[in-house]
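Novice: Have a look at this one before I ask anything.
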Amino acid sequence: MKYVIGARGSQLSLAQTNWVISELKKVSPDTEFEIKTIKTKGDTDARPLFTIDQKGIFEKEIDRAVADNEIDFAVHSLKDVPSQLIENLILSSVPKRETVNDIFISSDGTDLDSIKPGAVIGTSSLRRAVQITRKRSDVTVRPIRGNIETRIKKVLGKDFDAVVLAQAGITRLGLDVIFAQLSIEDFSPSPGQGALAIVSRKDDFDTISMLKKIEDADSRLEIEAERALSDFVDSGCRFPIGAYAKSHGDQMTMSVSAFSVDGKKSLFVKKSGNKNDPFSLGKIIGEELREKGVNDLAINWRKKVEEWNKQ
């Protein structure tokens, strides 16, 4: 049996896909796999991510190929996958999640606390931009695009003094780079950060059965809670929100952070619930955020993004 897997052509996407293949080989050693690279809107549009008003910019074209039977399944970074997939597709498997922390990489080895005032720090994420500013109001934050290797080169090449990235990407690429890990308390991650999503057709039961063999039950439940929360408050690139769920025994605790554009106002909610009912936990936290005014923050963000788009 041979499967064709869809993935972006970036080094990170290929590394993630090859890791999935290595895990599948352990449970299905006689199966063959072929990777088909597909370009997405996110690969061809060089604008800052938050200015692109479209969900799924890194997965839509690949998932369409799955739906049209051009490939058998797709491997994505889960945080790039919208909760609403194409009608005949399903999130078949979530393998064990990597470390969810963000990291700080600087040209001189300093960390965020000690980097010089006025330093230029790059990030592709509105969430990280606000979190950096809240921590260090005396630095300059600028959008940075490109794959992970390109962004690191821009730091080493002195275009930026530092960059903030997800640790999971560095780990999966096996890059030998000095970094400082940022705390989850100060840098609450994007919903789904550190996790992979494997998408297949709903009626392809043999493929789903194989993919389920490499799913990590706790990772699946944790990201379902985070995605339920994200759905409830309609977060995304244009309204950043941090969410992190962690299982412990038969319980799950999720902490969520949201900020105003200037970072001066923040909302924080942390609650626990039955880990086998992640949707209820996400909804309960979402309802509390609404009561605390998260919708006003969202409107504020979207107005600001519209202003940036007109500049």
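Ordering of the structure tokens sets the chain letters (A, B, ...), residue numbers begin anew at 1 in every chain, and ligands are numbered from 1 in the order given.
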Would you mind listing what lies within 9 Å of segment 105-114 of chain A as a count of residues only, with only C-alpha atoms counted and same-chain residues fewer than 5 positions away left out?
Specialist: 21
Novice: Give me, as JSON, numbers by chain, the residues of segment 36-215 of chain A that a backbone DSSP run labels strand (DSSP E).
Specialist: {"A": [36, 37, 73, 74, 75, 76, 77, 89, 90, 91, 92, 93, 102, 103, 104, 105, 106, 120, 121, 122, 123, 140, 141, 142, 143, 162, 163, 164, 165, 166, 180, 181, 196, 197, 198, 199, 200, 201]}
Novice: According to DSSP computed on the backbone, where in segment 38-253 of chain A is there helix (DSSP H, G or I)? Give the residues as a VMD selection string.
Specialist: chain A and resid 41 to 44 49 to 51 60 to 67 78 to 80 126 to 135 148 to 156 167 to 173 205 to 212 217 to 233
Novice: Report as a list of chain:residue names all protein, DNA and RNA residues lying within 9 Å of Pro143 of chain A, evaluated on only C-alpha atoms, omitting residues in the same chain fewer than 2 positions from it.
Specialist: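 Counting only the stated atoms, we get A:Pro48, A:Leu49, A:Ile121, A:Gly122, A:Thr123, A:Ser124, A:Ser125, A:Leu126, A:Ala129, A:Val141, A:Arg145.
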Novice: Write a file of the selected residues as a PDB file, in the first residue's frame, keeping C-alpha atoms.
Specialist:
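Written out: selection.pdb:
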```
ATOM      1  CA  PRO A  48       2.497  40.428   7.295  1.00  0.00           C
ATOM      2  CA  LEU A  49       0.215  37.555   8.287  1.00  0.00           C
ATOM      3  CA  ILE A 121      12.823  42.482  17.590  1.00  0.00           C
ATOM      4  CA  GLY A 122      11.092  40.591  14.787  1.00  0.00           C
ATOM      5  CA  THR A 123       7.951  38.490  14.979  1.00  0.00           C
ATOM      6  CA  SER A 124       5.284  37.321  12.523  1.00  0.00           C
ATOM      7  CA  SER A 125       2.669  37.193  15.298  1.00  0.00           C
ATOM      8  CA  LEU A 126       0.492  39.980  16.702  1.00  0.00           C
ATOM      9  CA  ALA A 129       4.306  41.564  19.392  1.00  0.00           C
ATOM     10  CA  VAL A 141       8.878  45.314  17.365  1.00  0.00           C
ATOM     11  CA  ARG A 145       8.351  36.965   7.330  1.00  0.00           C
TER      12      ARG A 145
END
```
Novice: Check the smallest atom-to-atom distance from each of A:Leu24, A:Leu175, A:Val4, A:Met252 to Ile214 of chain A using only C-alpha atoms, then report the winner.
Specialist: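 For Ile214 of chain A, the nearest of the given residues is A:Leu24.
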Novice: Can you pull out every residue within 8 Å of segment 57-67 of chain A, counting only C-alpha atoms, but drop anything in the same chain fewer than 6 positions away, and send it as a ChimeraX atom specification?
Specialist: /A:6-8,38-43,73-74,76,80-81,86,88-89,199-201
Novice: Which is closer to Asp277 of chain A than all the others in A:Ile148, A:Ala228, A:Val120, A:Leu12, using only C-alpha atoms?
Specialist: A:Ala228
Novice: Could you name the residues that touch Lys213 of chain A at 10 Å or less, counting only C-alpha atoms, but leaving out those on the same chain fewer than 5 positions away, as JSON, numbers by chain?
Specialist: {"A": [23, 24, 26, 27, 28, 93, 95, 208]}
Novice: For the residues selected in the previous step, produce a file with N, CA and C atoms as a compact mmCIF listing (two decimals), in the first residue's frame.
Specialist:
```
# COMPACT_ATOMS: atom_id res chain seq x y z
N GLU A 23 6.93 7.81 12.24
CA GLU A 23 6.03 7.26 13.25
C GLU A 23 5.07 6.24 12.64
N LEU A 24 4.57 6.52 11.44
CA LEU A 24 3.66 5.59 10.77
C LEU A 24 4.38 4.29 10.38
N LYS A 26 6.53 2.81 12.07
CA LYS A 26 6.63 1.96 13.26
C LYS A 26 5.39 1.09 13.43
N VAL A 27 4.23 1.62 13.02
CA VAL A 27 2.99 0.87 13.20
C VAL A 27 2.53 0.19 11.91
N SER A 28 3.14 0.60 10.78
CA SER A 28 2.76 0.01 9.49
C SER A 28 4.02 -0.10 8.62
N SER A 93 -5.91 12.79 13.10
CA SER A 93 -4.91 12.41 14.09
C SER A 93 -4.13 13.62 14.58
N PRO A 95 -0.70 13.76 16.68
CA PRO A 95 0.39 13.06 17.37
C PRO A 95 0.83 13.82 18.63
N ILE A 208 -7.84 6.59 8.06
CA ILE A 208 -8.11 7.11 9.40
C ILE A 208 -7.66 6.13 10.47
```
Novice: Could you pull the residues within 10 Å of Phe279 of chain A, counting only C-alpha atoms, minus those fewer than 4 positions along the same chain, as an NGL selection string?
Specialist: :A and (221-229 or 232 or 274-275 or 283-284)
Novice: Store the residues picked out above in a file with C-alpha atoms, as a compact mmCIF listing (two decimals), in the first residue's frame.
Specialist:
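Below is the file that was written, out-v9.txt:
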```
# COMPACT_ATOMS: atom_id res chain seq x y z
CA LEU A 221 -7.97 16.59 24.12
CA GLU A 222 -5.78 19.60 24.94
CA ILE A 223 -5.93 21.07 21.46
CA GLU A 224 -9.68 20.40 21.26
CA ALA A 225 -10.14 22.56 24.36
CA GLU A 226 -7.97 25.33 22.91
CA ARG A 227 -9.72 25.21 19.54
CA ALA A 228 -13.15 25.29 21.20
CA LEU A 229 -12.08 28.42 23.07
CA PHE A 232 -15.97 30.76 20.81
CA ASN A 274 -13.01 17.09 33.06
CA LYS A 275 -10.36 16.41 30.40
CA LYS A 283 -16.88 27.24 26.16
CA ILE A 284 -16.91 28.05 29.89
```
Novice: Of the candidates A:Lys265, A:Lys79, A:Lys292, A:Lys270, which one gets nearest to Arg134 of chain A if we count only C-alpha atoms?
Specialist: A:Lys265
Novice: List every residue of segment 92-112 of chain A that has an atom at most 12 Å from any atom of segment 239-249 of chain A, giving for each one its closest atom pair and the distance in Å to one decimal, counting only C-alpha atoms, sorted by chain and then by ascending residue number, as a Markdown table.
Specialist:
```
| residue | atom | partner | partner_atom | distance |
| --- | --- | --- | --- | --- |
| A:Arg97 | CA | A:Lys246 | CA | 10.9 |
| A:Thr99 | CA | A:Tyr244 | CA | 11.2 |
| A:Val100 | CA | A:Tyr244 | CA | 8.2 |
| A:Asn101 | CA | A:Tyr244 | CA | 9.9 |
| A:Asp102 | CA | A:Gly242 | CA | 11.5 |
```
Novice: Expressed in Å to a single decimal, how great is the separation between atom CA of Ala119 of chain A and atom CA of Gly146 of chain A?
Specialist: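 Separation of atom CA of Ala119 of chain A and atom CA of Gly146 of chain A: 20.2 Å.
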Novice: Just want the 10 Å neighbourhood of Trp301 of chain A, counted on only C-alpha atoms, with same-chain residues fewer than 6 positions away dropped. Output as a list in words.
Specialist: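 So, after excluding close chain neighbours, the residues are Leu126, Arg238, Phe239, Pro240, Phe259, Ser260, Val261, Asp262, Asn295 and Glu307 of chain A.
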Novice: From the list A:Phe205, A:Asp186, A:Leu281, A:Ile21, which residue is nearest Arg127 of chain A when using only C-alpha atoms?
Specialist: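 When distances to Arg127 of chain A are compared using only C-alpha atoms, the smallest one comes from A:Asp186.
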